[in-house]
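So this block is protein.txt, compact mmCIF, C-alpha atoms:
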# COMPACT_ATOMS: atom_id res chain seq x y z
CA MET A 3 -22.60 -89.36 68.33
CA THR A 4 -21.68 -92.67 69.92
CA PRO A 5 -20.88 -92.41 73.65
CA ALA A 6 -17.13 -92.91 74.06
CA ALA A 7 -17.57 -95.80 76.49
CA GLU A 8 -19.60 -97.72 73.91
CA MET A 9 -17.58 -96.90 70.79
CA VAL A 10 -16.20 -99.87 68.88
CA GLU A 11 -13.10 -98.98 66.87
CA GLY A 12 -13.08 -100.00 63.22
CA GLN A 13 -16.88 -100.05 63.02
CA PHE A 14 -19.09 -97.59 61.16
CA LEU A 15 -20.58 -95.13 63.68
CA GLY A 16 -18.60 -96.95 66.37
CA VAL A 17 -21.37 -99.54 66.75
CA THR A 18 -21.59 -103.15 65.68
CA ALA A 19 -24.01 -106.05 65.31
CA PRO A 20 -23.41 -109.74 64.50
CA ARG A 21 -23.03 -110.12 60.76
CA GLU A 22 -25.69 -112.84 60.68
CA LYS A 23 -28.27 -110.50 62.21
CA ALA A 24 -27.28 -107.17 60.67
CA ARG A 25 -29.64 -105.36 58.32
CA PHE A 26 -26.62 -103.60 56.80
CA ILE A 27 -23.06 -104.71 56.09
CA VAL A 28 -20.32 -102.17 55.39
CA LEU A 29 -17.40 -103.30 53.20
CA LEU A 30 -14.30 -101.09 53.24
CA LEU A 31 -12.16 -100.99 50.08
CA PRO A 32 -9.05 -98.77 50.43
CA PHE A 33 -8.08 -99.01 46.75
CA GLU A 34 -6.31 -96.44 44.60
CA ARG A 35 -4.39 -97.10 41.40
CA THR A 36 -5.61 -94.87 38.57
CA THR A 37 -6.76 -91.55 40.03
CA SER A 38 -5.89 -88.97 37.39
CA TYR A 39 -6.11 -85.76 39.40
CA LYS A 40 -6.05 -85.53 43.20
CA LYS A 41 -4.61 -88.54 45.04
CA GLY A 42 -5.83 -89.94 48.35
CA THR A 43 -8.92 -92.07 47.72
CA GLU A 44 -7.21 -95.06 49.34
CA HIS A 45 -7.54 -93.19 52.64
CA GLY A 46 -11.26 -92.54 52.08
CA PRO A 47 -12.68 -95.59 53.92
CA ALA A 48 -10.61 -95.08 57.07
CA ARG A 49 -11.34 -91.38 57.20
CA LEU A 50 -15.04 -92.03 56.61
CA LEU A 51 -15.05 -94.34 59.62
CA ASP A 52 -13.45 -91.55 61.64
CA GLY A 53 -16.03 -89.10 60.35
CA SER A 54 -18.88 -91.43 61.26
CA PHE A 55 -18.06 -90.95 64.95
CA GLY A 56 -19.32 -87.38 64.52
CA VAL A 57 -22.76 -88.49 63.24
CA GLU A 58 -25.62 -88.68 65.73
CA LEU A 59 -27.20 -92.12 66.08
CA TRP A 60 -30.65 -90.57 66.24
CA ASP A 61 -31.46 -89.39 62.73
CA GLU A 62 -33.42 -86.16 62.81
CA GLU A 63 -35.10 -86.79 59.44
CA ILE A 64 -35.91 -90.46 59.95
CA GLY A 65 -36.94 -89.83 63.57
CA SER A 66 -35.30 -92.97 64.90
CA GLN A 67 -31.98 -94.71 65.55
CA THR A 68 -31.35 -96.68 62.38
CA TYR A 69 -28.36 -98.49 63.86
CA LEU A 70 -30.77 -100.56 65.97
CA SER A 71 -31.61 -102.43 62.76
CA GLY A 72 -28.07 -103.78 62.92
CA ILE A 73 -24.91 -102.53 61.18
CA HIS A 74 -21.85 -104.73 60.81
CA THR A 75 -18.56 -103.42 59.40
CA GLU A 76 -16.22 -105.88 57.74
CA PRO A 77 -12.44 -105.50 58.26
CA ALA A 78 -10.85 -103.42 55.50
CA PHE A 79 -10.32 -105.58 52.42
CA ASP A 80 -6.73 -106.19 51.32
CA CYS A 81 -6.54 -104.07 48.18
CA SER A 82 -2.80 -104.42 47.57
CA PRO A 83 -2.92 -106.76 44.51
CA PRO A 84 -3.16 -105.34 40.97
CA ALA A 85 -6.70 -104.69 39.78
CA LYS A 86 -6.84 -107.68 37.44
CA LEU A 87 -6.11 -109.94 40.43
CA LEU A 88 -7.97 -107.93 43.06
CA PHE A 89 -11.29 -107.49 41.29
CA PRO A 90 -12.06 -111.25 41.07
CA LYS A 91 -11.32 -111.51 44.81
CA ILE A 92 -13.76 -108.66 45.53
CA LYS A 93 -16.43 -110.30 43.37
CA GLU A 94 -16.09 -113.53 45.33
CA ARG A 95 -16.29 -111.68 48.64
CA VAL A 96 -19.42 -109.84 47.55
CA ARG A 97 -21.02 -113.14 46.51
CA GLU A 98 -20.33 -114.47 50.01
CA LEU A 99 -21.75 -111.38 51.71
CA LEU A 100 -24.91 -111.48 49.61
CA ASN A 101 -25.75 -114.79 51.27
CA PHE A 102 -26.41 -112.90 54.53
CA LYS A 103 -29.42 -111.16 52.95
CA SER A 104 -28.28 -107.81 54.32
CA VAL A 105 -28.01 -104.64 52.26
CA LEU A 106 -24.35 -104.21 51.36
CA PHE A 107 -22.79 -100.73 51.52
CA SER A 108 -19.35 -100.71 49.89
CA VAL A 109 -17.05 -97.78 50.64
CA GLY A 110 -14.07 -96.84 48.44
CA GLY A 111 -11.60 -96.09 47.19
CA GLU A 112 -11.73 -95.17 43.55
CA HIS A 113 -14.83 -95.71 41.45
CA SER A 114 -13.29 -98.45 39.31
CA LEU A 115 -14.20 -100.75 42.21
CA SER A 116 -17.80 -100.77 41.00
CA GLN A 117 -16.67 -103.02 38.15
CA ALA A 118 -16.04 -105.71 40.78
CA LEU A 119 -18.91 -104.91 43.15
CA ILE A 120 -21.86 -104.86 40.76
CA PRO A 121 -21.52 -108.15 38.76
CA PRO A 122 -22.55 -110.39 41.70
CA PHE A 123 -25.73 -108.32 42.01
CA ILE A 124 -26.40 -108.72 38.28
CA GLU A 125 -26.04 -112.48 38.71
CA ARG A 126 -28.52 -112.55 41.59
CA TYR A 127 -31.09 -110.04 40.31
CA PRO A 128 -31.96 -110.51 36.59
CA ASP A 129 -33.99 -107.26 36.49
CA LEU A 130 -31.27 -105.13 38.09
CA SER A 131 -30.60 -101.56 36.98
CA ILE A 132 -27.95 -99.13 38.21
CA LEU A 133 -28.56 -95.62 39.46
CA HIS A 134 -25.20 -93.99 38.67
CA PHE A 135 -24.82 -90.71 40.60
CA ASP A 136 -21.73 -88.92 39.32
CA ALA A 137 -20.27 -85.81 37.75
CA HIS A 138 -18.49 -87.96 35.14
CA ALA A 139 -19.89 -90.42 32.62
CA ASP A 140 -17.19 -93.04 33.40
CA MET A 141 -17.94 -94.77 30.09
CA ARG A 142 -14.52 -95.04 28.48
CA SER A 143 -13.60 -98.57 27.43
CA GLU A 144 -10.10 -97.89 28.76
CA TYR A 145 -8.10 -94.92 29.96
CA GLU A 146 -4.36 -94.47 30.26
CA GLY A 147 -3.94 -98.01 28.99
CA SER A 148 -6.20 -99.75 31.52
CA PRO A 149 -9.84 -100.94 31.39
CA PHE A 150 -9.79 -100.91 35.22
CA ASN A 151 -9.40 -97.13 35.35
CA HIS A 152 -11.81 -95.03 37.42
CA ALA A 153 -12.87 -93.33 34.17
CA CYS A 154 -14.14 -96.73 32.95
CA ALA A 155 -16.24 -97.64 35.98
CA MET A 156 -19.57 -98.02 34.19
CA HIS A 157 -18.46 -99.21 30.76
CA PRO A 158 -18.45 -102.98 31.42
CA ILE A 159 -21.54 -102.70 33.63
CA SER A 160 -23.51 -101.03 30.84
CA ARG A 161 -22.85 -104.07 28.65
CA ARG A 162 -24.72 -106.27 31.10
CA CYS A 163 -27.59 -104.21 32.54
CA LYS A 164 -29.37 -100.87 32.41
CA VAL A 165 -27.44 -97.85 33.73
CA VAL A 166 -29.26 -94.61 34.56
CA GLN A 167 -26.82 -91.72 35.01
CA VAL A 168 -27.73 -88.64 37.03
CA GLY A 169 -25.73 -85.46 37.61
CA ILE A 170 -23.42 -85.89 34.63
CA ARG A 171 -21.54 -82.71 33.73
CA SER A 172 -18.15 -83.91 32.48
CA VAL A 173 -17.93 -86.12 29.37
CA ALA A 174 -15.04 -87.01 27.08
CA GLU A 175 -15.61 -86.87 23.34
CA GLU A 176 -14.78 -90.55 22.91
CA GLU A 177 -17.52 -91.63 25.34
CA ALA A 178 -20.25 -89.18 24.33
CA HIS A 179 -21.63 -91.50 21.64
CA LEU A 180 -22.25 -94.19 24.30
CA LEU A 181 -24.62 -92.01 26.32
CA ASN A 182 -28.37 -92.28 25.81
CA THR A 183 -27.91 -95.37 23.66
CA GLY A 184 -28.38 -99.07 24.35
CA ASN A 185 -28.56 -99.75 28.10
CA VAL A 186 -27.45 -96.24 29.05
CA THR A 187 -29.81 -93.40 29.97
CA THR A 188 -27.99 -90.17 30.82
CA PHE A 189 -29.52 -87.14 32.50
CA TYR A 190 -27.07 -84.31 31.92
CA ARG A 191 -27.04 -81.93 34.84
CA HIS A 192 -27.32 -78.79 32.71
CA GLU A 193 -30.48 -80.14 31.05
CA HIS A 194 -32.17 -81.51 34.19
CA ARG A 195 -31.98 -79.04 37.06
CA ASP A 196 -35.68 -79.09 37.97
CA MET A 197 -36.03 -81.93 40.51
CA GLY A 198 -39.79 -82.04 40.05
CA LYS A 199 -39.33 -82.91 36.40
CA LEU A 200 -36.19 -85.04 36.80
CA LEU A 201 -37.37 -87.49 39.45
CA PRO A 202 -40.30 -89.01 37.51
CA LYS A 203 -38.01 -89.54 34.50
CA VAL A 204 -35.37 -91.27 36.63
CA LEU A 205 -37.94 -93.53 38.27
CA GLU A 206 -39.39 -94.44 34.89
CA ALA A 207 -35.97 -95.28 33.48
CA LEU A 208 -35.02 -97.58 36.37
CA THR A 209 -36.22 -101.17 36.74
CA GLY A 210 -37.88 -102.47 39.89
CA THR A 211 -34.61 -103.63 41.45
CA VAL A 212 -31.85 -101.04 41.82
CA TYR A 213 -28.20 -100.85 42.83
CA ILE A 214 -27.05 -97.32 43.69
CA SER A 215 -23.49 -96.37 42.72
CA ILE A 216 -22.45 -93.02 44.16
CA ASP A 217 -19.39 -91.06 43.17
CA LEU A 218 -19.33 -88.29 45.75
CA ASP A 219 -18.44 -85.73 43.08
CA GLY A 220 -22.06 -86.00 41.98
CA PHE A 221 -22.59 -83.50 44.79
CA ASP A 222 -21.43 -79.94 44.30
CA PRO A 223 -17.94 -79.23 45.74
CA SER A 224 -19.58 -76.81 48.16
CA VAL A 225 -21.24 -79.86 49.76
CA ILE A 226 -18.44 -82.44 49.54
CA PRO A 227 -15.16 -80.85 48.43
CA GLY A 228 -12.97 -83.86 49.27
CA VAL A 229 -13.21 -85.84 46.03
CA GLY A 230 -10.66 -86.88 43.43
CA THR A 231 -11.96 -84.77 40.53
CA PRO A 232 -14.45 -82.10 41.68
CA GLN A 233 -16.71 -80.43 39.14
CA PRO A 234 -18.89 -77.31 39.57
CA GLY A 235 -22.65 -77.41 39.27
CA GLY A 236 -23.47 -80.58 41.21
CA PHE A 237 -26.41 -81.49 43.42
CA ASP A 238 -26.82 -79.75 46.74
CA TRP A 239 -27.29 -81.86 49.87
CA PHE A 240 -31.07 -81.92 49.92
CA GLU A 241 -31.42 -82.44 46.16
CA GLY A 242 -29.24 -85.52 46.41
CA LEU A 243 -31.16 -86.84 49.40
CA GLU A 244 -34.48 -86.27 47.63
CA LEU A 245 -33.28 -88.30 44.66
CA PHE A 246 -32.12 -91.22 46.79
CA ARG A 247 -35.16 -91.12 49.06
CA ARG A 248 -37.58 -91.30 46.15
CA VAL A 249 -35.70 -94.15 44.49
CA ILE A 250 -35.56 -96.12 47.74
CA GLU A 251 -39.28 -95.51 48.36
CA LYS A 252 -40.33 -96.62 44.88
CA LYS A 253 -37.80 -99.34 44.07
CA LYS A 254 -36.15 -102.31 45.74
CA VAL A 255 -32.60 -101.13 46.50
CA VAL A 256 -30.34 -104.15 47.03
CA GLY A 257 -26.89 -102.58 47.28
CA VAL A 258 -25.04 -99.27 47.45
CA ASP A 259 -21.49 -98.16 46.85
CA VAL A 260 -20.05 -94.79 47.88
CA MET A 261 -16.80 -93.95 46.11
CA GLU A 262 -14.10 -91.33 45.56
CA LEU A 263 -13.87 -89.77 49.00
CA CYS A 264 -10.49 -88.04 48.88
CA PRO A 265 -9.88 -86.50 52.32
CA LEU A 266 -8.56 -82.95 52.56
CA GLN A 267 -6.12 -81.62 55.12
CA ASP A 268 -7.36 -79.53 58.03
CA THR A 269 -11.06 -80.26 57.51
CA VAL A 270 -13.40 -83.17 58.20
CA ASN A 271 -16.39 -81.77 56.28
CA SER A 272 -16.29 -84.34 53.47
CA GLU A 273 -15.90 -87.48 55.57
CA ILE A 274 -18.63 -86.47 58.00
CA ALA A 275 -20.96 -85.63 55.08
CA ALA A 276 -20.20 -88.97 53.41
CA ALA A 277 -20.80 -90.86 56.66
CA LYS A 278 -24.07 -89.03 57.27
CA LEU A 279 -25.12 -89.77 53.69
CA ILE A 280 -24.60 -93.49 54.21
CA TYR A 281 -26.46 -93.47 57.51
CA ARG A 282 -29.34 -91.51 55.98
CA LEU A 283 -29.61 -93.99 53.09
CA MET A 284 -29.65 -96.83 55.59
CA GLY A 285 -32.44 -94.97 57.37
CA TYR A 286 -34.51 -94.67 54.20
CA ILE A 287 -34.10 -98.40 53.54
CA ALA A 288 -34.87 -99.42 57.13
CA ARG A 289 -37.93 -97.17 57.25
CA LYS A 290 -39.31 -98.77 54.12

Write-out of the structure in structure tokens:
Amino acid sequence: MTPAAEMVEGQFLGVTAPREKARFIVLLLPFERTTSYKKGTEHGPARLLDGSFGVELWDEEIGSQTYLSGIHTEPAFDCSPPAKLLFPKIKERVRELLNFKSVLFSVGGEHSLSQALIPPFIERYPDLSILHFDAHADMRSEYEGSPFNHACAMHPISRRCKVVQVGIRSVAEEEAHLLNTGNVTTFYRHEHRDMGKLLPKVLEALTGTVYISIDLDGFDPSVIPGVGTPQPGGFDWFEGLELFRRVIEKKKVVGVDVMELCPLQDTVNSEIAAAKLIYRLMGYIARK
């Protein structure tokens, strides 16, 4: 945990580095418009920052203090405009941040934000593929009258680059025919529970350059209960970490988003777990 005297408010882990020198940039996106079950994802980024103050700076698995590589947290993005106006603004901001050659970690907010976050990476990396970690397929073309819905997060992305879905265990009939076709490779959770067999298949399906899009409900609710639409049967903590570690070791990971943190009352379990997840992923990248 960051010593109180050194803590910097509004910064991930309470630490900061100049943006120009930071290995990692954290972009906060408190956006919520279309959540269809539990509300509260707009509070996810702020609560995750709070939770990060409970994460030790020395990472027991990495064996070092990853923050020394430099972490800079951007001020929370103004997410008040409607999605059709907001998403182009987010795309432009991501394009600007990519010029710093840091690894961008975007924190939401609902998963529809990935529609705005990923296109600048596609523009910059022609061989990009997406590791989509989620309980839900998110492949509807629109939902409840909007293509910007959280249930549509991966649909437009799959039209532009390869999407590899892991942990899927909730699919609507109208999107089922889009899975395991075209650019989409889907590993249903009930069919792929053996990590030793799953990991080689995931690595083979991904290209050399990878963007990781994480909906926290990819984890089992026993690990992270504070999500918008929890589903039973997800990854446990160490299974999820093994997946991300192997991908980071074998591929070039250029960006990460962590979405759908929906804080619960009277517990900080989910926000601390989400903050530790981000710090651990930073550690894997820095170690490589």

* Asked: So which one's closest to Gly285 (chain A), A:Glu63, A:Asp259, A:Glu125, A:Asp222? Using all atoms listed in the file, please.
  ->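 Smallest separation from Gly285 (chain A) among the options: A:Glu63.
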
Quick one: which region 35-84 of chain A residues come within 7 Å of region 269-282 of chain A, and what is the nearest atom pair for each with the distance in Å to one decimal, counting only C-alpha atoms, rows ordered by chain and ascending number, as a tab-separated table?
residue	atom	partner	partner_atom	distance
A:Arg49	CA	A:Glu273	CA	6.2
A:Leu50	CA	A:Glu273	CA	4.7
A:Gly53	CA	A:Ile274	CA	4.4
A:Ser54	CA	A:Ala277	CA	5.0
A:Gly56	CA	A:Ile274	CA	6.6
A:Val57	CA	A:Lys278	CA	6.1

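Between CA of Asp217 (chain A) and CA of Pro47 (chain A) the interatomic distance comes to 13.5 Å.
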
* **Counting all atoms listed in the file, the residue of A:Ala118, A:Leu201, A:Val186, A:Val229 that sits nearest Ala137 (chain A)** =>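 Checking each of A:Ala118, A:Leu201, A:Val186, A:Val229 against Ala137 (chain A), counting all atoms listed in the file, the winner is A:Val229.
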
* **Among listed residues A:Val173, A:Leu181, A:Leu263, A:Leu119, nearest Ile214 (chain A) (using all atoms listed in the file)** =>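 Of A:Val173, A:Leu181, A:Leu263, A:Leu119, the one nearest Ile214 (chain A), counting all atoms listed in the file, is A:Leu119.
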
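We find CA of Phe89 (chain A) and CA of Gly242 (chain A) to be spaced 28.8 Å apart.
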
Around (-23.8, -85.0, 32.2), as given in the file, which residues come within 8 Å? Count only C-alpha atoms and list them as a PDB file with C-alpha atoms, in the frame of the given file.
ATOM      1  CA  ALA A 137     -20.270 -85.810  37.750  1.00  0.00           C
ATOM      2  CA  HIS A 138     -18.490 -87.960  35.140  1.00  0.00           C
ATOM      3  CA  ALA A 139     -19.890 -90.420  32.620  1.00  0.00           C
ATOM      4  CA  GLN A 167     -26.820 -91.720  35.010  1.00  0.00           C
ATOM      5  CA  VAL A 168     -27.730 -88.640  37.030  1.00  0.00           C
ATOM      6  CA  GLY A 169     -25.730 -85.460  37.610  1.00  0.00           C
ATOM      7  CA  ILE A 170     -23.420 -85.890  34.630  1.00  0.00           C
ATOM      8  CA  ARG A 171     -21.540 -82.710  33.730  1.00  0.00           C
ATOM      9  CA  SER A 172     -18.150 -83.910  32.480  1.00  0.00           C
ATOM     10  CA  VAL A 173     -17.930 -86.120  29.370  1.00  0.00           C
ATOM     11  CA  THR A 188     -27.990 -90.170  30.820  1.00  0.00           C
ATOM     12  CA  PHE A 189     -29.520 -87.140  32.500  1.00  0.00           C
ATOM     13  CA  TYR A 190     -27.070 -84.310  31.920  1.00  0.00           C
ATOM     14  CA  ARG A 191     -27.040 -81.930  34.840  1.00  0.00           C
ATOM     15  CA  HIS A 192     -27.320 -78.790  32.710  1.00  0.00           C
TER      16      HIS A 192
END

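Using all atoms listed in the file, the nearest neighbour of Ala24 (chain A) within the list A:Val255, A:Leu59, A:Leu99, A:Cys81 is A:Leu99.
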
* Name the closest residue to Gly220 (chain A) among the candidates A:Asn101, A:Gln233, A:Gln117, A:Gln67; distances are taken between atoms, counting all atoms listed in the file. =>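 Closest residue, counting all atoms listed in the file: A:Gln233.
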
* **Option closest in space to Met197 (chain A), from A:Glu241, A:Asp80, A:Glu112, A:Glu34 [counting all atoms listed in the file]** =>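 With all atoms listed in the file as the atom set, the closest residue is A:Glu241.
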
* Structure fact -> The distance between CA of Ser131 (chain A) and CA of Val212 (chain A) is 5.0 Å

* All residues 7 Å or closer to Ile27 (chain A), only C-alpha atoms, same chain fewer than 6 positions away omitted, as a ChimeraX atom specification -> /A:73-75,104-107

Would you save the residues from that selection as a compact mmCIF listing (two decimals), keeping the file's coordinate frame, using C-alpha atoms?
# COMPACT_ATOMS: atom_id res chain seq x y z
CA ILE A 73 -24.91 -102.53 61.18
CA HIS A 74 -21.85 -104.73 60.81
CA THR A 75 -18.56 -103.42 59.40
CA SER A 104 -28.28 -107.81 54.32
CA VAL A 105 -28.01 -104.64 52.26
CA LEU A 106 -24.35 -104.21 51.36
CA PHE A 107 -22.79 -100.73 51.52

Axis-aligned box for region 157-168 of chain A, 6 Å per side, centre and edges in Å as AutoDock Vina command-line options:
--center_x -23.9 --center_y -97.5 --center_z 32.8 --size_x 22.9 --size_y 29.6 --size_z 20.4

* To do: List the residues sitting within 8 Å of (-14.4, -98.4, 57.9) in the file's frame, using all atoms listed in the file, as number ranges by chain.
  => A: 12-14, 28-30, 47-52, 75-78, 109

Report as a tab-separated table (two decimals) with C-alpha atoms, in the frame of the given file all protein, DNA and RNA residues lying within 12 Å of Tyr145 (chain A), evaluated on only C-alpha atoms, omitting residues in the same chain fewer than 5 positions from it.
chain	number	residue	atom	x	y	z
A	36	THR	CA	-5.61	-94.87	38.57
A	37	THR	CA	-6.76	-91.55	40.03
A	38	SER	CA	-5.89	-88.97	37.39
A	114	SER	CA	-13.29	-98.45	39.31
A	140	ASP	CA	-17.19	-93.04	33.40
A	150	PHE	CA	-9.79	-100.91	35.22
A	151	ASN	CA	-9.40	-97.13	35.35
A	152	HIS	CA	-11.81	-95.03	37.42
A	153	ALA	CA	-12.87	-93.33	34.17
A	154	CYS	CA	-14.14	-96.73	32.95
A	155	ALA	CA	-16.24	-97.64	35.98
A	157	HIS	CA	-18.46	-99.21	30.76
A	174	ALA	CA	-15.04	-87.01	27.08
A	176	GLU	CA	-14.78	-90.55	22.91
A	177	GLU	CA	-17.52	-91.63	25.34

Missing atoms in region 99-110 of chain A need filling: write out N, CA, C and O atoms for it as a PDB file, in the frame of the given file.
ATOM      1  N   LEU A  99     -20.989-112.288  50.850  1.00  0.00           N
ATOM      2  CA  LEU A  99     -21.750-111.380  51.710  1.00  0.00           C
ATOM      3  C   LEU A  99     -23.212-111.310  51.314  1.00  0.00           C
ATOM      4  O   LEU A  99     -24.079-111.082  52.165  1.00  0.00           O
ATOM      5  N   LEU A 100     -23.510-111.503  50.044  1.00  0.00           N
ATOM      6  CA  LEU A 100     -24.910-111.480  49.610  1.00  0.00           C
ATOM      7  C   LEU A 100     -25.710-112.625  50.214  1.00  0.00           C
ATOM      8  O   LEU A 100     -26.942-112.556  50.294  1.00  0.00           O
ATOM      9  N   ASN A 101     -25.050-113.664  50.653  1.00  0.00           N
ATOM     10  CA  ASN A 101     -25.750-114.790  51.270  1.00  0.00           C
ATOM     11  C   ASN A 101     -26.339-114.429  52.635  1.00  0.00           C
ATOM     12  O   ASN A 101     -27.178-115.160  53.158  1.00  0.00           O
ATOM     13  N   PHE A 102     -25.897-113.308  53.225  1.00  0.00           N
ATOM     14  CA  PHE A 102     -26.410-112.900  54.530  1.00  0.00           C
ATOM     15  C   PHE A 102     -27.718-112.116  54.419  1.00  0.00           C
ATOM     16  O   PHE A 102     -28.308-111.755  55.420  1.00  0.00           O
ATOM     17  N   LYS A 103     -28.141-111.833  53.195  1.00  0.00           N
ATOM     18  CA  LYS A 103     -29.420-111.160  52.950  1.00  0.00           C
ATOM     19  C   LYS A 103     -29.496-109.789  53.634  1.00  0.00           C
ATOM     20  O   LYS A 103     -30.568-109.302  53.981  1.00  0.00           O
ATOM     21  N   SER A 104     -28.345-109.180  53.845  1.00  0.00           N
ATOM     22  CA  SER A 104     -28.280-107.810  54.320  1.00  0.00           C
ATOM     23  C   SER A 104     -28.140-106.896  53.112  1.00  0.00           C
ATOM     24  O   SER A 104     -27.888-107.355  51.998  1.00  0.00           O
ATOM     25  N   VAL A 105     -28.287-105.595  53.323  1.00  0.00           N
ATOM     26  CA  VAL A 105     -28.010-104.640  52.260  1.00  0.00           C
ATOM     27  C   VAL A 105     -26.545-104.232  52.396  1.00  0.00           C
ATOM     28  O   VAL A 105     -26.123-103.736  53.439  1.00  0.00           O
ATOM     29  N   LEU A 106     -25.781-104.470  51.331  1.00  0.00           N
ATOM     30  CA  LEU A 106     -24.350-104.210  51.360  1.00  0.00           C
ATOM     31  C   LEU A 106     -24.055-102.766  50.957  1.00  0.00           C
ATOM     32  O   LEU A 106     -24.480-102.308  49.894  1.00  0.00           O
ATOM     33  N   PHE A 107     -23.310-102.065  51.812  1.00  0.00           N
ATOM     34  CA  PHE A 107     -22.790-100.730  51.520  1.00  0.00           C
ATOM     35  C   PHE A 107     -21.283-100.856  51.365  1.00  0.00           C
ATOM     36  O   PHE A 107     -20.583-101.174  52.329  1.00  0.00           O
ATOM     37  N   SER A 108     -20.783-100.626  50.151  1.00  0.00           N
ATOM     38  CA  SER A 108     -19.350-100.710  49.890  1.00  0.00           C
ATOM     39  C   SER A 108     -18.773 -99.302  49.834  1.00  0.00           C
ATOM     40  O   SER A 108     -19.333 -98.418  49.186  1.00  0.00           O
ATOM     41  N   VAL A 109     -17.639 -99.105  50.504  1.00  0.00           N
ATOM     42  CA  VAL A 109     -17.050 -97.780  50.640  1.00  0.00           C
ATOM     43  C   VAL A 109     -15.638 -97.796  50.064  1.00  0.00           C
ATOM     44  O   VAL A 109     -14.786 -98.577  50.497  1.00  0.00           O
ATOM     45  N   GLY A 110     -15.393 -96.932  49.059  1.00  0.00           N
ATOM     46  CA  GLY A 110     -14.070 -96.840  48.440  1.00  0.00           C
ATOM     47  C   GLY A 110     -13.395 -95.543  48.822  1.00  0.00           C
ATOM     48  O   GLY A 110     -13.953 -94.725  49.548  1.00  0.00           O
TER      49      GLY A 110
END
